[in-house]
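Worksheet: one structure, shown below.
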Amino acid sequence: MRMSRYIFVGILLGITLYKSEAVSWFRIYEMFHFQSFQLYGIIGSAVVAGILIVRLIKKRHMHNIEGQEIVIKDKAMSVPRYLIGGFIFGMGWGLAGACPAPMFILLGSGVTVFIVYLVAAMTGTFLYGKLRKRLPH
Amino acid sequence: MVPQFLIDFRDWISQPWPWYAAGPMLALIMFILLWFGHEFGISDNFRLMCAADGADEMNEFFKINWQAGEWNLLVALGAVFGGYIASHYLVGPDGDVAHISDSTIESLRQIGIQFDNGKAPLVPDFISWENIFSWQGLLIIAGGGFLVGFGARYAGGCTSGHAISGLSALQLPSLIAVVGFFLGGLFMTYILLPLIF
């Protein structure tokens, strides 16, 4: 049952984003209208806590459960890739009001129409794979 | 008999979670995954699912050992369970509503979105099977999903991979991606969405 631990992490993720209303289309709309602190607070406090955690991992040379030192690889530098890709992602986020994790969570909560989103997202990912060589990176 | 303290605990966590509970919890999830030897990133599951469905034989971008991503698919599966648990067993005192601000309710009213008794559900009714065959409903859910799937892979990550993992590791590429997320979201909310409604 070694793998079941990931299911528990997912459950924790699902409950967190559901109960904080980050899965709500209206909350995303509200965020992009700067009318509430909720989503900024969630992302902001996650990043502040995350920075502290990553610093501690590096300082203590922490090891993962496999016994290897935890190393976070630097992402390759580019501007167009992240800016254009991010812009396209952001349009989808603002339109459907859900990024990938909330989509899975809403599916579980019974909003089964998000299966259409999932198939569309896989189609988008597939098309990106096809076009990748012709896009600026 | 369920002990009273467990019932009290359930009632306590069934209230809407404030940002300062959810944010550090997300950081904790990132830490747990690092400790398990992996990096938090949900959108990679779309690629894994493409590969598992046979795209690995069609295109080299999907020639990945998707079984090695099993852990991530299980996180996604867990998120599905989490959504089920939260919506069935952790319903808050007001029900499953989004506690949006009055100014948001007002700006939604201006583009013609209103709710019964003034309470916004978590998911708007234009995202539903009943609406899927209207151009508006289909565009929102399928168009949104498509842009998310395409953009996340183009940018190399989504909200979890860039905004949380990447910014926590002080990655400049992730900051650029997050700026992109916001510019795209603002463009959609202010320019395109009013045209759809």
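A note on labels: chains of the structure tokens are A, B, ... as shown, every chain counts residues from 1, and ligands are counted from 1 in their shown order.
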- Task: Just the residues within 7 Å of Gly94 in chain A, please, counting only C-alpha atoms, with nothing from its chain fewer than 3 positions along; format it as number ranges by chain.
- Result: A: 28-29, 90-91, 97; B: 185, 188-189
- Message: Among chain B, which residues does DSSP mark as alpha helix (DSSP H) when it is run on the backbone? Keep the chain and numbering as in the structure and answer as a VMD selection string.
- Response: chain B and resid 4 to 14 19 to 35 44 to 52 70 to 89 102 to 110 135 to 138 144 to 155 167 to 168 172 to 186 193 to 196
- Message: Residues near range 120-130 of chain A, anyone? I mean within 8 Å using only C-alpha atoms, not counting same-chain ones fewer than 2 positions away, as a list in words.
- Response: Val116, Tyr117, Leu118, Arg132 and Lys133 of chain A; Phe46, Arg47, Met49, Cys50, Ala55, Asn59, Phe61, Phe62, Ala142, Gly143, Gly145, Phe146, Leu147, Val148, Gly149, Phe150, Gly151, Ala152, Arg153 and Tyr154 of chain B
I need the residues from that last selection saved to file as an mmCIF file, in the first residue's frame (with N, CA, C and O atoms), if you can.
```cif
data_model
loop_
_atom_site.group_PDB
_atom_site.id
_atom_site.type_symbol
_atom_site.label_atom_id
_atom_site.label_comp_id
_atom_site.auth_asym_id
_atom_site.auth_seq_id
_atom_site.Cartn_x
_atom_site.Cartn_y
_atom_site.Cartn_z
ATOM 1 N N VAL A 116 -16.026 17.148 -19.469
ATOM 2 C CA VAL A 116 -15.838 17.817 -20.759
ATOM 3 C C VAL A 116 -14.566 18.673 -20.709
ATOM 4 O O VAL A 116 -13.773 18.700 -21.654
ATOM 5 N N TYR A 117 -14.384 19.347 -19.582
ATOM 6 C CA TYR A 117 -13.172 20.141 -19.358
ATOM 7 C C TYR A 117 -11.941 19.239 -19.419
ATOM 8 O O TYR A 117 -10.940 19.571 -20.056
ATOM 9 N N LEU A 118 -12.016 18.084 -18.760
ATOM 10 C CA LEU A 118 -10.875 17.173 -18.724
ATOM 11 C C LEU A 118 -10.495 16.711 -20.126
ATOM 12 O O LEU A 118 -9.318 16.744 -20.507
ATOM 13 N N ARG A 132 4.562 21.742 -30.690
ATOM 14 C CA ARG A 132 5.631 22.228 -29.827
ATOM 15 C C ARG A 132 6.831 22.771 -30.606
ATOM 16 O O ARG A 132 7.361 23.834 -30.285
ATOM 17 N N LYS A 133 7.238 22.066 -31.632
ATOM 18 C CA LYS A 133 8.460 22.462 -32.352
ATOM 19 C C LYS A 133 8.285 23.752 -33.127
ATOM 20 O O LYS A 133 9.250 24.407 -33.489
ATOM 21 N N PHE B 46 -2.434 15.690 -17.272
ATOM 22 C CA PHE B 46 -3.043 15.688 -18.611
ATOM 23 C C PHE B 46 -2.112 15.003 -19.604
ATOM 24 O O PHE B 46 -2.541 14.253 -20.474
ATOM 25 N N ARG B 47 -0.827 15.287 -19.460
ATOM 26 C CA ARG B 47 0.152 14.674 -20.349
ATOM 27 C C ARG B 47 0.258 13.168 -20.075
ATOM 28 O O ARG B 47 0.324 12.356 -20.994
ATOM 29 N N MET B 49 -2.070 11.310 -18.895
ATOM 30 C CA MET B 49 -3.287 10.659 -19.387
ATOM 31 C C MET B 49 -3.262 10.523 -20.898
ATOM 32 O O MET B 49 -3.729 9.521 -21.437
ATOM 33 N N CYS B 50 -2.704 11.519 -21.594
ATOM 34 C CA CYS B 50 -2.552 11.410 -23.052
ATOM 35 C C CYS B 50 -1.650 10.239 -23.378
ATOM 36 O O CYS B 50 -1.957 9.413 -24.241
ATOM 37 N N ALA B 55 -1.050 8.209 -26.829
ATOM 38 C CA ALA B 55 -0.363 9.302 -27.524
ATOM 39 C C ALA B 55 1.144 9.078 -27.534
ATOM 40 O O ALA B 55 1.860 9.665 -28.350
ATOM 41 N N ASN B 59 3.586 10.629 -30.799
ATOM 42 C CA ASN B 59 4.322 11.881 -30.721
ATOM 43 C C ASN B 59 5.381 11.768 -29.645
ATOM 44 O O ASN B 59 5.114 11.257 -28.553
ATOM 45 N N PHE B 61 6.685 13.916 -27.707
ATOM 46 C CA PHE B 61 6.449 14.662 -26.466
ATOM 47 C C PHE B 61 5.755 13.786 -25.424
ATOM 48 O O PHE B 61 5.868 14.003 -24.227
ATOM 49 N N PHE B 62 5.039 12.764 -25.922
ATOM 50 C CA PHE B 62 4.300 11.898 -25.005
ATOM 51 C C PHE B 62 5.004 10.564 -24.788
ATOM 52 O O PHE B 62 4.462 9.673 -24.152
ATOM 53 N N ALA B 142 -15.530 23.776 -22.427
ATOM 54 C CA ALA B 142 -14.586 23.112 -23.322
ATOM 55 C C ALA B 142 -13.473 24.070 -23.736
ATOM 56 O O ALA B 142 -12.296 23.702 -23.765
ATOM 57 N N GLY B 143 -13.851 25.325 -24.018
ATOM 58 C CA GLY B 143 -12.838 26.317 -24.387
ATOM 59 C C GLY B 143 -11.885 26.569 -23.237
ATOM 60 O O GLY B 143 -10.664 26.624 -23.411
ATOM 61 N N GLY B 145 -11.203 24.542 -20.701
ATOM 62 C CA GLY B 145 -10.371 23.360 -20.497
ATOM 63 C C GLY B 145 -9.266 23.268 -21.533
ATOM 64 O O GLY B 145 -8.104 22.979 -21.207
ATOM 65 N N PHE B 146 -9.622 23.547 -22.778
ATOM 66 C CA PHE B 146 -8.628 23.473 -23.848
ATOM 67 C C PHE B 146 -7.492 24.467 -23.618
ATOM 68 O O PHE B 146 -6.307 24.118 -23.708
ATOM 69 N N LEU B 147 -7.842 25.717 -23.297
ATOM 70 C CA LEU B 147 -6.808 26.741 -23.064
ATOM 71 C C LEU B 147 -5.932 26.366 -21.869
ATOM 72 O O LEU B 147 -4.716 26.558 -21.900
ATOM 73 N N VAL B 148 -6.559 25.836 -20.825
ATOM 74 C CA VAL B 148 -5.795 25.425 -19.643
ATOM 75 C C VAL B 148 -4.823 24.298 -19.999
ATOM 76 O O VAL B 148 -3.645 24.335 -19.642
ATOM 77 N N GLY B 149 -5.320 23.309 -20.733
ATOM 78 C CA GLY B 149 -4.471 22.169 -21.093
ATOM 79 C C GLY B 149 -3.314 22.575 -21.994
ATOM 80 O O GLY B 149 -2.170 22.153 -21.797
ATOM 81 N N PHE B 150 -3.621 23.410 -22.976
ATOM 82 C CA PHE B 150 -2.589 23.870 -23.914
ATOM 83 C C PHE B 150 -1.595 24.784 -23.203
ATOM 84 O O PHE B 150 -0.376 24.597 -23.289
ATOM 85 N N GLY B 151 -2.131 25.763 -22.495
ATOM 86 C CA GLY B 151 -1.276 26.764 -21.845
ATOM 87 C C GLY B 151 -0.410 26.191 -20.736
ATOM 88 O O GLY B 151 0.754 26.573 -20.580
ATOM 89 N N ALA B 152 -0.968 25.258 -19.967
ATOM 90 C CA ALA B 152 -0.201 24.695 -18.859
ATOM 91 C C ALA B 152 1.027 23.943 -19.382
ATOM 92 O O ALA B 152 2.119 24.058 -18.823
ATOM 93 N N ARG B 153 0.838 23.192 -20.465
ATOM 94 C CA ARG B 153 1.996 22.458 -20.987
ATOM 95 C C ARG B 153 2.982 23.411 -21.669
ATOM 96 O O ARG B 153 4.184 23.244 -21.571
ATOM 97 N N TYR B 154 2.461 24.405 -22.357
ATOM 98 C CA TYR B 154 3.334 25.390 -23.013
ATOM 99 C C TYR B 154 4.187 26.080 -21.948
ATOM 100 O O TYR B 154 5.414 26.194 -22.078
#
```
- Pick out the residues sitting within 10 Å of Pro194 in chain B, and hand them over as a ChimeraX atom specification; count only C-alpha atoms, and ignore anything fewer than 6 positions along from it in its own chain. /B:108,110-112,188
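The shell of residues at most 7 Å from Pro80 in chain A, with only C-alpha atoms counted and near chain neighbours (fewer than 3 positions) removed, consists of Leu83, Ile84, Pro136 and His137 of chain A.
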- If you measure from CA of Phe89 in chain A to CA of Phe36 in chain B, what distance in Å do you get, rounded to one decimal?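 These two atoms are separated by 28.0 Å.
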- Item | DSSP strand (DSSP E) residues within range 64-181 of chain B, as a VMD selection string | chain B and resid 97 to 98 120 to 121
Could you please take those selected residues and save C-alpha atoms as a PDB file, in the first residue's frame?
```pdb
ATOM      1  CA  VAL B  97     -21.977  28.562  -1.420  1.00  0.00           C
ATOM      2  CA  ALA B  98     -19.197  30.876  -2.502  1.00  0.00           C
ATOM      3  CA  ALA B 120     -23.685  32.358  -5.213  1.00  0.00           C
ATOM      4  CA  PRO B 121     -23.260  28.598  -5.585  1.00  0.00           C
TER       5      PRO B 121
END
```
- Which polymer residues have any atom within 9 Å of an atom of Ile29 in chain B, counting only C-alpha atoms, with same-chain residues fewer than 3 positions away left out, as a count of residues only? 11
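Here CA of Leu195 in chain B is placed at a distance of 12.7 Å from CA of Trp135 in chain B.
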- Message: Env of Ile105 in chain A: 6 Å cut, atoms = only C-alpha atoms, seq-sep filter 6 positions within chain, self excluded. Answer as a PyMOL selection string.
- Response: (chain A and resi 14) or (chain B and resi 79-80+83)
- Note on the structure: Pairwise distance, CA of Ser20 in chain A with CA of Val178 in chain B, equals 20.6 Å
